[in-house]
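> Pasting start-v8.cif below, which is mmCIF, C-alpha atoms and all ligand atoms.
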```cif
data_protein
#
loop_
_atom_site.label_atom_id
_atom_site.label_comp_id
_atom_site.auth_asym_id
_atom_site.auth_seq_id
_atom_site.Cartn_x
_atom_site.Cartn_y
_atom_site.Cartn_z
CA MET N 19 179.03 121.52 72.21
CA ARG N 20 176.99 120.38 75.18
CA ARG N 21 175.87 123.93 76.06
CA LEU N 22 173.49 123.73 73.09
CA ARG N 23 172.10 120.35 74.11
CA ARG N 24 171.18 121.14 77.70
CA SER N 25 167.40 121.25 77.48
CA PRO N 26 164.61 119.95 75.25
CA LEU N 27 163.75 123.56 74.41
CA LEU N 28 167.28 124.35 73.23
CA ARG N 29 167.47 121.14 71.23
CA ASP N 30 164.11 121.83 69.57
CA MET N 31 165.00 125.42 68.82
CA LEU N 32 168.24 124.39 67.17
CA ALA N 33 167.04 121.31 65.30
CA GLU N 34 168.29 121.52 61.72
CA THR N 35 165.70 119.13 60.37
CA ARG N 36 162.00 119.14 61.18
CA LEU N 37 159.88 116.28 59.95
CA SER N 38 156.36 117.50 59.33
CA VAL N 39 153.11 115.78 58.43
CA LYS N 40 153.25 117.88 55.27
CA ASP N 41 156.34 115.94 54.14
CA LEU N 42 154.48 112.63 54.10
CA VAL N 43 152.79 110.78 51.27
CA ALA N 44 150.77 107.67 52.15
CA PRO N 45 150.98 104.64 49.82
CA LEU N 46 147.64 102.78 49.80
CA PHE N 47 146.46 99.58 48.10
CA VAL N 48 143.05 98.96 46.57
CA ARG N 49 141.95 95.48 45.55
CA GLU N 50 139.23 94.60 43.12
CA GLY N 51 136.51 92.11 44.08
CA ILE N 52 136.70 92.13 47.88
CA ASP N 53 134.01 93.34 50.23
CA ALA N 54 136.15 94.00 53.29
CA PRO N 55 139.78 95.14 53.75
CA VAL N 56 142.36 92.33 53.67
CA PRO N 57 145.41 92.60 55.95
CA ILE N 58 148.86 92.18 54.38
CA ALA N 59 150.82 89.78 56.60
CA SER N 60 154.27 91.17 55.81
CA LEU N 61 153.13 94.79 56.27
CA PRO N 62 151.49 94.87 59.71
CA GLY N 63 148.93 97.67 59.88
CA VAL N 64 148.65 97.96 56.08
CA VAL N 65 145.69 96.49 54.19
CA GLN N 66 144.37 95.92 50.71
CA HIS N 67 141.42 98.30 50.71
CA THR N 68 138.02 98.17 49.12
CA THR N 69 137.07 101.34 47.27
CA GLU N 70 134.95 102.40 50.23
CA SER N 71 137.55 101.68 52.91
CA LEU N 72 140.27 103.45 50.91
CA VAL N 73 138.15 106.58 50.59
CA LYS N 74 137.51 106.41 54.34
CA GLU N 75 141.21 106.06 55.06
CA ALA N 76 142.00 108.98 52.76
CA ARG N 77 139.45 111.10 54.62
CA ARG N 78 141.13 110.15 57.92
CA LEU N 79 144.57 111.05 56.53
CA VAL N 80 143.28 114.44 55.37
CA GLY N 81 142.06 115.00 58.92
CA LEU N 82 145.55 114.23 60.19
CA GLY N 83 147.09 116.70 57.74
CA VAL N 84 148.69 114.24 55.30
CA PRO N 85 148.71 116.08 51.97
CA ALA N 86 148.95 113.27 49.42
CA LEU N 87 148.49 109.60 48.69
CA VAL N 88 149.89 107.18 46.14
CA VAL N 89 147.52 104.41 45.15
CA PHE N 90 148.37 100.93 43.84
CA GLY N 91 145.77 98.62 42.32
CA VAL N 92 145.37 94.88 42.74
CA PRO N 93 143.13 93.70 39.89
CA ALA N 94 140.97 90.58 40.01
CA HIS N 95 142.39 89.42 36.65
CA LYS N 96 145.87 89.67 35.19
CA ASP N 97 146.78 89.28 31.52
CA PRO N 98 149.84 89.71 29.26
CA THR N 99 149.25 93.42 28.54
CA GLY N 100 147.87 94.49 31.90
CA ARG N 101 144.54 95.59 30.53
CA GLY N 102 143.19 96.60 33.93
CA ALA N 103 145.81 99.30 34.31
CA SER N 104 144.16 101.48 31.69
CA ALA N 105 140.57 100.20 31.62
CA PRO N 106 138.06 102.94 32.48
CA ASP N 107 136.59 100.54 35.05
CA GLY N 108 140.03 99.39 36.27
CA VAL N 109 140.35 99.28 40.04
CA VAL N 110 142.52 102.40 40.34
CA GLN N 111 140.35 104.45 38.01
CA VAL N 112 137.29 103.48 40.06
CA VAL N 113 138.89 104.53 43.33
CA LEU N 114 140.25 107.76 41.85
CA ARG N 115 136.75 108.79 40.80
CA ALA N 116 135.43 107.98 44.27
CA LEU N 117 138.28 109.92 45.91
CA ARG N 118 137.78 112.93 43.68
CA ALA N 119 134.04 112.88 44.40
CA GLU N 120 134.65 112.72 48.16
CA LEU N 121 137.73 114.92 48.55
CA ALA N 122 137.88 117.12 45.43
CA ASP N 123 141.23 118.89 45.89
CA GLU N 124 141.66 118.27 49.63
CA MET N 125 144.27 115.61 48.93
CA VAL N 126 146.80 115.27 46.13
CA LEU N 127 145.95 112.02 44.35
CA ILE N 128 148.91 110.26 42.75
CA PRO N 129 148.28 106.85 41.16
CA ASP N 130 151.35 104.66 40.65
CA LEU N 131 151.70 104.19 36.91
CA CYS N 132 153.01 100.74 36.06
CA LEU N 133 151.91 97.42 34.63
CA ASP N 134 153.38 94.82 36.99
CA GLU N 135 150.33 94.61 39.23
CA TYR N 136 148.23 93.92 36.12
CA THR N 137 150.37 91.59 34.01
CA ASP N 138 150.23 87.81 34.41
CA HIS N 139 154.03 87.60 33.99
CA GLY N 140 154.63 90.24 36.68
CA HIS N 141 156.96 92.45 34.65
CA CYS N 142 156.58 96.22 34.53
CA GLY N 143 156.17 96.20 30.75
CA LEU N 144 155.14 94.19 27.71
CA LEU N 145 157.23 91.19 26.77
CA ASP N 146 158.87 90.77 23.39
CA LYS N 147 159.22 87.43 21.59
CA ARG N 148 162.30 86.48 23.56
CA GLY N 149 160.73 87.25 26.92
CA GLY N 150 162.55 90.54 27.44
CA VAL N 151 160.69 93.75 28.30
CA ASP N 152 159.98 95.75 25.13
CA ASN N 153 160.76 99.35 26.02
CA ASP N 154 158.90 101.25 23.30
CA ALA N 155 155.84 99.02 23.16
CA THR N 156 155.58 99.51 26.92
CA LEU N 157 155.70 103.30 26.54
CA GLU N 158 152.53 103.16 24.46
CA ARG N 159 150.78 101.25 27.24
CA TYR N 160 152.04 103.73 29.86
CA CYS N 161 150.52 106.58 27.84
CA GLU N 162 147.15 104.80 27.80
CA VAL N 163 147.39 104.27 31.57
CA ALA N 164 148.31 107.92 32.15
CA LEU N 165 145.31 109.12 30.16
CA ALA N 166 142.95 106.74 31.99
CA GLN N 167 144.28 107.91 35.36
CA ALA N 168 144.07 111.58 34.38
CA GLU N 169 140.53 111.11 33.11
CA ALA N 170 139.60 109.48 36.44
CA GLY N 171 140.87 112.44 38.45
CA ALA N 172 144.59 112.00 39.18
CA HIS N 173 146.39 115.22 40.12
CA MET N 174 149.74 113.68 39.21
CA VAL N 175 150.86 110.34 37.83
CA ALA N 176 153.86 108.42 39.13
CA PRO N 177 155.53 106.22 36.51
CA SER N 178 157.54 103.53 38.33
CA GLY N 179 158.49 101.12 35.54
CA MET N 180 161.95 102.51 34.72
CA MET N 181 161.48 102.34 30.94
CA ASP N 182 163.70 104.73 28.99
CA GLY N 183 161.80 107.77 27.77
CA GLN N 184 158.73 107.13 29.93
CA VAL N 185 158.50 110.64 31.32
CA GLY N 186 158.73 112.33 27.92
CA ALA N 187 156.19 109.97 26.36
CA ILE N 188 153.70 110.39 29.21
CA ARG N 189 154.14 114.17 29.26
CA ALA N 190 153.37 114.36 25.53
CA ALA N 191 150.35 112.06 25.87
CA LEU N 192 148.92 114.06 28.77
CA ASP N 193 149.41 117.35 26.93
CA GLN N 194 147.85 116.05 23.74
CA GLY N 195 144.97 114.55 25.71
CA GLY N 196 144.12 117.89 27.28
CA TYR N 197 145.68 117.13 30.66
CA SER N 198 148.53 119.60 30.73
CA GLU N 199 147.70 120.39 34.38
CA VAL N 200 148.36 116.80 35.48
CA GLY N 201 151.91 116.52 36.83
CA ILE N 202 154.50 113.76 36.80
CA LEU N 203 156.22 112.41 39.90
CA ALA N 204 158.95 110.33 38.27
CA TYR N 205 160.40 107.31 40.01
CA SER N 206 163.71 108.37 38.48
CA ALA N 207 166.32 106.51 40.46
CA LYS N 208 164.61 103.27 41.30
CA PHE N 209 166.97 100.49 42.22
CA ALA N 210 166.55 96.76 41.72
CA SER N 211 166.22 96.18 45.44
CA ALA N 212 165.60 93.20 47.69
CA LEU N 213 163.54 95.53 49.85
CA TYR N 214 160.38 95.32 47.72
CA GLY N 215 159.49 91.82 48.96
CA PRO N 216 156.49 92.70 51.15
CA PHE N 217 155.10 95.01 48.44
CA ARG N 218 154.97 92.11 46.00
CA GLU N 219 152.85 90.23 48.51
CA ALA N 220 150.66 93.33 48.88
CA VAL N 221 149.97 93.49 45.14
CA ASP N 222 150.12 89.75 44.55
CA VAL N 223 152.98 89.87 42.03
CA THR N 224 155.30 87.00 41.20
CA ILE N 225 157.76 87.56 38.38
CA ALA N 226 157.48 84.74 35.86
CA GLY N 227 160.23 82.12 35.84
CA GLY N 228 161.82 83.42 39.03
CA GLY N 229 162.88 86.51 37.08
CA ASP N 230 163.86 89.91 38.37
CA ARG N 231 163.79 93.54 37.26
CA ARG N 232 167.52 94.11 36.81
CA ALA N 233 167.17 94.73 33.09
CA TYR N 234 165.23 97.92 33.79
CA GLN N 235 165.67 98.98 37.42
CA GLN N 236 169.03 100.36 38.45
CA ASP N 237 172.02 98.42 39.72
CA TYR N 238 172.48 99.31 43.38
CA ARG N 239 176.22 99.65 42.93
CA ASN N 240 175.72 102.81 40.87
CA GLY N 241 175.32 106.32 42.22
CA ARG N 242 176.47 108.46 39.28
CA GLU N 243 174.11 106.59 37.01
CA ALA N 244 171.24 107.66 39.28
CA LEU N 245 172.08 111.28 38.52
CA ARG N 246 171.92 110.56 34.79
CA GLU N 247 168.47 109.01 35.25
CA VAL N 248 167.31 112.05 37.21
CA GLU N 249 168.72 114.54 34.69
CA LEU N 250 167.02 112.72 31.82
CA ASP N 251 163.68 112.73 33.64
CA VAL N 252 163.91 116.44 34.43
CA ALA N 253 164.77 117.17 30.80
CA GLU N 254 161.77 115.08 29.71
CA GLY N 255 159.44 117.11 31.90
CA ALA N 256 159.31 115.47 35.34
CA ASP N 257 157.75 117.87 37.86
CA MET N 258 159.23 115.96 40.78
CA VAL N 259 161.78 113.16 40.96
CA MET N 260 162.07 110.24 43.34
CA VAL N 261 164.77 108.02 44.77
CA LYS N 262 163.77 104.55 45.89
CA PRO N 263 164.36 102.83 48.30
CA ALA N 264 165.34 105.51 50.82
CA LEU N 265 167.71 104.44 53.59
CA THR N 266 170.17 102.44 51.54
CA TYR N 267 170.37 105.37 49.08
CA LEU N 268 170.73 108.44 51.29
CA ASP N 269 173.89 109.35 49.38
CA VAL N 270 171.83 109.37 46.19
CA VAL N 271 169.09 111.48 47.80
CA ALA N 272 171.70 114.04 48.87
CA ALA N 273 173.37 114.10 45.46
CA VAL N 274 170.05 114.45 43.64
CA ARG N 275 168.95 117.24 45.96
CA ALA N 276 172.15 119.12 45.10
CA ALA N 277 171.84 118.47 41.37
CA VAL N 278 168.28 119.51 40.52
CA ARG N 279 165.84 122.31 41.29
CA VAL N 280 162.63 120.25 41.26
CA PRO N 281 161.15 118.73 44.44
CA VAL N 282 162.82 115.47 45.46
CA ALA N 283 160.86 112.58 46.95
CA ALA N 284 162.20 109.41 48.56
CA TYR N 285 160.29 106.17 49.03
CA HIS N 286 160.76 104.38 52.35
CA VAL N 287 159.69 101.06 50.90
CA SER N 288 157.86 97.99 52.12
CA GLY N 289 160.98 96.11 53.26
CA GLU N 290 162.18 99.12 55.23
CA TYR N 291 158.81 99.34 56.98
CA ALA N 292 158.58 95.60 57.56
CA MET N 293 162.01 95.42 59.18
CA VAL N 294 161.06 98.05 61.73
CA LYS N 295 157.72 96.39 62.44
CA ALA N 296 159.22 92.91 62.77
CA ALA N 297 161.99 93.94 65.14
CA ALA N 298 159.57 96.04 67.20
CA GLU N 299 157.14 93.12 67.44
CA ARG N 300 159.91 91.08 69.05
CA GLY N 301 160.61 93.87 71.48
CA TRP N 302 164.10 94.30 70.06
CA ILE N 303 163.69 97.94 69.09
CA ASP N 304 161.34 100.80 69.91
CA GLY N 305 159.40 100.84 66.62
CA PRO N 306 157.98 104.39 66.63
CA ALA N 307 161.32 105.84 67.75
CA VAL N 308 163.21 104.01 65.01
CA ALA N 309 160.64 105.05 62.40
CA LEU N 310 160.97 108.69 63.41
CA GLU N 311 164.77 108.51 63.35
CA GLN N 312 164.83 106.84 59.94
CA LEU N 313 162.38 109.20 58.30
CA THR N 314 164.05 112.25 59.80
CA ALA N 315 167.31 110.99 58.30
CA VAL N 316 165.68 110.79 54.87
CA LYS N 317 164.59 114.40 55.22
CA ARG N 318 168.03 115.43 56.52
CA ALA N 319 169.59 113.84 53.42
CA GLY N 320 167.51 116.23 51.30
CA ALA N 321 164.13 114.71 50.53
CA ASP N 322 161.27 117.20 50.32
CA LEU N 323 158.68 114.44 50.40
CA ILE N 324 158.70 110.94 51.84
CA LEU N 325 156.47 108.11 50.73
CA THR N 326 156.04 105.89 53.76
CA TYR N 327 153.70 103.25 55.15
CA PHE N 328 154.26 105.01 58.48
CA ALA N 329 152.45 108.12 57.21
CA GLY N 330 149.21 107.60 59.15
CA GLU N 331 150.92 106.43 62.33
CA LEU N 332 153.45 109.22 62.26
CA ALA N 333 150.86 111.87 61.46
CA GLU N 334 149.05 110.93 64.65
CA THR N 335 152.15 111.67 66.71
CA LEU N 336 153.55 114.62 64.75
CA GLY N 337 150.26 116.56 64.68
CA SER N 338 149.29 118.78 61.79
C1 LIG Z 401 156.34 98.69 40.70
C2 LIG Z 401 156.54 99.14 42.08
C3 LIG Z 401 157.19 98.42 43.11
C4 LIG Z 401 157.14 99.23 44.25
C5 LIG Z 401 156.45 100.38 43.91
N1 LIG Z 401 156.10 100.31 42.57
C6 LIG Z 401 157.74 97.08 43.14
C7 LIG Z 401 158.78 96.65 42.22
O1 LIG Z 401 159.43 97.44 41.54
O2 LIG Z 401 158.97 95.44 42.17
C8 LIG Z 401 157.71 98.86 45.59
C9 LIG Z 401 157.23 99.63 46.76
C10 LIG Z 401 157.58 99.05 48.07
O3 LIG Z 401 158.32 98.06 48.20
O4 LIG Z 401 157.08 99.60 49.06
N2 LIG Z 401 155.08 99.05 40.21
#
```
Would you write out, as structure tokens, the structure that this file holds?
Ligand code: PBG

Amino acid sequence: MRRLRRSPLLRDMLAETRLSVKDLVAPLFVREGIDAPVPIASLPGVVQHTTESLVKEARRLVGLGVPALVVFGVPAHKDPTGRGASAPDGVVQVVLRALRAELADEMVLIPDLCLDEYTDHGHCGLLDKRGGVDNDATLERYCEVALAQAEAGAHMVAPSGMMDGQVGAIRAALDQGGYSEVGILAYSAKFASALYGPFREAVDVTIAGGGDRRAYQQDYRNGREALREVELDVAEGADMVMVKPALTYLDVVAAVRAAVRVPVAAYHVSGEYAMVKAAAERGWIDGPAVALEQLTAVKRAGADLILTYFAGELAETLGS
């Protein structure tokens, strides 16, 4: 075996997996009511942007060759129904219009479609009388959000709330609203993970009563069930499907890749990023090397696209 490993040139020539800038999607945060970017302590190097600074960052990412971004909003006010998620002047709609004006089609704009950043109780949907998340009432809200995002210039929407039937409902709403060209990147196999901690700081979300999302996100003990979720989403019209988080679910990524014919994305989430940054800060690991190894592994497992907070950093080293 060592004959093929003798030189960097041989190793490069024979590499089975090549991570490219074109595989990366940058998740970005925009916060309402601030006049300068605010750093997120648990995500070193990541900030809550103003509209202006987010547009500037998107422009920089385009220059580096990053093809797409996912945007999350942090509204100034939260309420029981998450009004800001679908308001025409909601923080994500405002930044989408600014991005579209600045970049037109130079970058694929994919707003995250959920309510948790906007609800005062922190759940991804509307609550019923007993405090549970009401699936079908939530679908109606998701359709309103999808239409608001499409109207503001989204190329695709990315529903992340794990309600049953969300992809089919959103697809129908977009089609009826005249947005049949707007695609759906479905967070299909999204697990109830402890790795979303830093993200919740980034979007200022606390789930009421110390609750969790296990009644809608997937149980991490289940792999076959992830395939059912993915198959349902494809049948409902998902253009692309996603597995999330990434590294603890590489088996799921590989199984999904084998099972479907649509593009597969994986989300290297906030906790995965934060662990690398924290250990690197202590000098315990070589951060950039570990990031490259981890993200290459996600691609090797079968992901066509990777959402990662390392996108900008990695794009600088990978070149476009
Ligand atoms: C929900 C959403 C979450 C993430 C993306 N969309 C958090 C959650 O489900 O609690 C997590 C992303 C990350 O950790 O990087 N809208």
> Write out as a tab-separated table (two decimals) with C-alpha atoms, keeping the file's coordinate frame the residues lying within 12 Å of Glu70 (chain N), counting all atoms listed in the file and excluding same-chain residues fewer than 2 positions away.

```tsv
chain	number	residue	atom	x	y	z
N	48	VAL	CA	143.05	98.96	46.57
N	49	ARG	CA	141.95	95.48	45.55
N	50	GLU	CA	139.23	94.60	43.12
N	52	ILE	CA	136.70	92.13	47.88
N	53	ASP	CA	134.01	93.34	50.23
N	54	ALA	CA	136.15	94.00	53.29
N	55	PRO	CA	139.78	95.14	53.75
N	66	GLN	CA	144.37	95.92	50.71
N	67	HIS	CA	141.42	98.30	50.71
N	68	THR	CA	138.02	98.17	49.12
N	72	LEU	CA	140.27	103.45	50.91
N	73	VAL	CA	138.15	106.58	50.59
N	74	LYS	CA	137.51	106.41	54.34
N	75	GLU	CA	141.21	106.06	55.06
N	76	ALA	CA	142.00	108.98	52.76
N	77	ARG	CA	139.45	111.10	54.62
N	109	VAL	CA	140.35	99.28	40.04
N	112	VAL	CA	137.29	103.48	40.06
N	113	VAL	CA	138.89	104.53	43.33
N	114	LEU	CA	140.25	107.76	41.85
N	115	ARG	CA	136.75	108.79	40.80
N	116	ALA	CA	135.43	107.98	44.27
N	117	LEU	CA	138.28	109.92	45.91
N	120	GLU	CA	134.65	112.72	48.16
```
> When the cut-off is 9 Å and you count all atoms listed in the file, which residues lie near ligand LIG 401 (chain Z), shown as a CSV table (one decimal) with C-alpha atoms, in the frame of the given file?

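Dumped to out.csv:
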```
chain,number,residue,atom,x,y,z
N,45,PRO,CA,151.0,104.6,49.8
N,90,PHE,CA,148.4,100.9,43.8
N,130,ASP,CA,151.4,104.7,40.6
N,131,LEU,CA,151.7,104.2,36.9
N,132,CYS,CA,153.0,100.7,36.1
N,133,LEU,CA,151.9,97.4,34.6
N,134,ASP,CA,153.4,94.8,37.0
N,135,GLU,CA,150.3,94.6,39.2
N,140,GLY,CA,154.6,90.2,36.7
N,141,HIS,CA,157.0,92.4,34.6
N,142,CYS,CA,156.6,96.2,34.5
N,177,PRO,CA,155.5,106.2,36.5
N,178,SER,CA,157.5,103.5,38.3
N,179,GLY,CA,158.5,101.1,35.5
N,180,MET,CA,162.0,102.5,34.7
N,205,TYR,CA,160.4,107.3,40.0
N,208,LYS,CA,164.6,103.3,41.3
N,209,PHE,CA,167.0,100.5,42.2
N,210,ALA,CA,166.6,96.8,41.7
N,211,SER,CA,166.2,96.2,45.4
N,212,ALA,CA,165.6,93.2,47.7
N,213,LEU,CA,163.5,95.5,49.8
N,214,TYR,CA,160.4,95.3,47.7
N,215,GLY,CA,159.5,91.8,49.0
N,216,PRO,CA,156.5,92.7,51.2
N,217,PHE,CA,155.1,95.0,48.4
N,218,ARG,CA,155.0,92.1,46.0
N,220,ALA,CA,150.7,93.3,48.9
N,221,VAL,CA,150.0,93.5,45.1
N,223,VAL,CA,153.0,89.9,42.0
N,225,ILE,CA,157.8,87.6,38.4
N,230,ASP,CA,163.9,89.9,38.4
N,231,ARG,CA,163.8,93.5,37.3
N,235,GLN,CA,165.7,99.0,37.4
N,262,LYS,CA,163.8,104.6,45.9
N,263,PRO,CA,164.4,102.8,48.3
N,285,TYR,CA,160.3,106.2,49.0
N,286,HIS,CA,160.8,104.4,52.4
N,287,VAL,CA,159.7,101.1,50.9
N,288,SER,CA,157.9,98.0,52.1
N,289,GLY,CA,161.0,96.1,53.3
N,290,GLU,CA,162.2,99.1,55.2
N,291,TYR,CA,158.8,99.3,57.0
N,325,LEU,CA,156.5,108.1,50.7
N,326,THR,CA,156.0,105.9,53.8
N,327,TYR,CA,153.7,103.2,55.2
```
> Could you tell me how far CA of Gly195 (chain N) lies from CA of Met258 (chain N), in Å and to one decimal?
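It comes out at 20.8 Å.
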> So that I can check the surroundings of Gly63 (chain N), please list as a PyMOL selection string every protein, DNA and RNA residue that reaches within 10 Å of it, counting all atoms listed in the file and ignoring chain neighbours fewer than 4 positions away.
chain N and resi 57-59+295+327-328+330-331
> As an exercise, work out the distance from CA of Asp182 (chain N) to CA of Tyr160 (chain N) in Å and give it to one decimal place.
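CA of Asp182 (chain N) sits 11.7 Å away from CA of Tyr160 (chain N).
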> Taking only C-alpha atoms into account, name the residue in N:Asp322, N:Asp269, N:Asp146, N:Glu34 that is nearest to Ala244 (chain N).
N:Asp269
> One decimal, Å: what's the distance from CA of Cys161 (chain N) over to CA of Val185 (chain N), could you say?
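Going from CA of Cys161 (chain N) over to CA of Val185 (chain N), I get 9.6 Å.
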> As JSON, please report the centre and edge lengths, rounded to one decimal in Å, of the axis-aligned box that holds all listed atoms of region 159-178 of chain N with 3 Å of padding on each of the six sides.

```
{"center_x": 148.6, "center_y": 108.2, "center_z": 33.7, "size_x": 23.9, "size_y": 20.0, "size_z": 18.9}
```
> Pick the closest to Val151 (chain N) from N:Gly186, N:Pro98, N:Pro106, N:Gly91: which is it, counting all atoms listed in the file?
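Among the listed residues, the smallest separation from Val151 (chain N) belongs to N:Pro98.
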> Compile the contact shell of region 202-204 of chain N as a compact mmCIF listing (two decimals) with C-alpha atoms, in the coordinates of the input: residues with an atom at most 8 Å away, counting all atoms listed in the file, same-chain residues fewer than 5 positions apart removed.

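What ended up in result-v6.txt:
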```txt
# COMPACT_ATOMS: atom_id res chain seq x y z
CA MET N 174 149.74 113.68 39.21
CA VAL N 175 150.86 110.34 37.83
CA ALA N 176 153.86 108.42 39.13
CA PRO N 177 155.53 106.22 36.51
CA SER N 178 157.54 103.53 38.33
CA VAL N 185 158.50 110.64 31.32
CA ARG N 189 154.14 114.17 29.26
CA ASP N 251 163.68 112.73 33.64
CA GLY N 255 159.44 117.11 31.90
CA ALA N 256 159.31 115.47 35.34
CA ASP N 257 157.75 117.87 37.86
CA MET N 258 159.23 115.96 40.78
CA VAL N 259 161.78 113.16 40.96
CA MET N 260 162.07 110.24 43.34
```
> Complete the atom set of region 189-196 of chain N to all heavy atoms and return it as a short mmCIF file (atom, residue, chain, number, x, y, z; two decimals), keeping the file's coordinate frame.

```
data_model
loop_
_atom_site.label_atom_id
_atom_site.label_comp_id
_atom_site.auth_asym_id
_atom_site.auth_seq_id
_atom_site.Cartn_x
_atom_site.Cartn_y
_atom_site.Cartn_z
N ARG N 189 154.39 112.72 29.30
CA ARG N 189 154.14 114.17 29.26
C ARG N 189 153.45 114.56 27.95
O ARG N 189 152.47 115.31 27.94
CB ARG N 189 155.46 114.92 29.44
CG ARG N 189 155.41 116.44 29.47
CD ARG N 189 154.75 117.00 30.75
NE ARG N 189 153.32 117.14 30.61
CZ ARG N 189 152.44 117.10 31.62
NH1 ARG N 189 152.83 116.93 32.85
NH2 ARG N 189 151.15 117.22 31.40
N ALA N 190 153.95 114.03 26.84
CA ALA N 190 153.37 114.36 25.53
C ALA N 190 151.93 113.85 25.45
O ALA N 190 151.04 114.56 24.97
CB ALA N 190 154.22 113.75 24.42
N ALA N 191 151.70 112.63 25.94
CA ALA N 191 150.35 112.06 25.87
C ALA N 191 149.38 112.88 26.71
O ALA N 191 148.25 113.16 26.28
CB ALA N 191 150.37 110.61 26.34
N LEU N 192 149.81 113.27 27.90
CA LEU N 192 148.92 114.06 28.77
C LEU N 192 148.60 115.41 28.12
O LEU N 192 147.46 115.85 28.12
CB LEU N 192 149.57 114.27 30.15
CG LEU N 192 149.62 113.05 31.07
CD1 LEU N 192 150.48 113.35 32.30
CD2 LEU N 192 148.23 112.61 31.51
N ASP N 193 149.62 116.04 27.57
CA ASP N 193 149.41 117.35 26.93
C ASP N 193 148.44 117.24 25.75
O ASP N 193 147.51 118.02 25.62
CB ASP N 193 150.74 117.95 26.47
CG ASP N 193 151.60 118.39 27.66
OD1 ASP N 193 151.07 118.43 28.79
OD2 ASP N 193 152.80 118.66 27.46
N GLN N 194 148.71 116.23 24.92
CA GLN N 194 147.85 116.05 23.74
C GLN N 194 146.43 115.67 24.12
O GLN N 194 145.47 115.98 23.42
CB GLN N 194 148.43 115.00 22.80
CG GLN N 194 149.56 115.56 21.94
CD GLN N 194 150.53 114.47 21.47
OE1 GLN N 194 150.16 113.31 21.37
NE2 GLN N 194 151.77 114.86 21.19
N GLY N 195 146.29 114.98 25.27
CA GLY N 195 144.97 114.55 25.71
C GLY N 195 144.20 115.64 26.45
O GLY N 195 143.09 115.40 26.94
N GLY N 196 144.81 116.80 26.58
CA GLY N 196 144.12 117.89 27.28
C GLY N 196 144.35 117.90 28.78
O GLY N 196 143.60 118.51 29.53
#
```
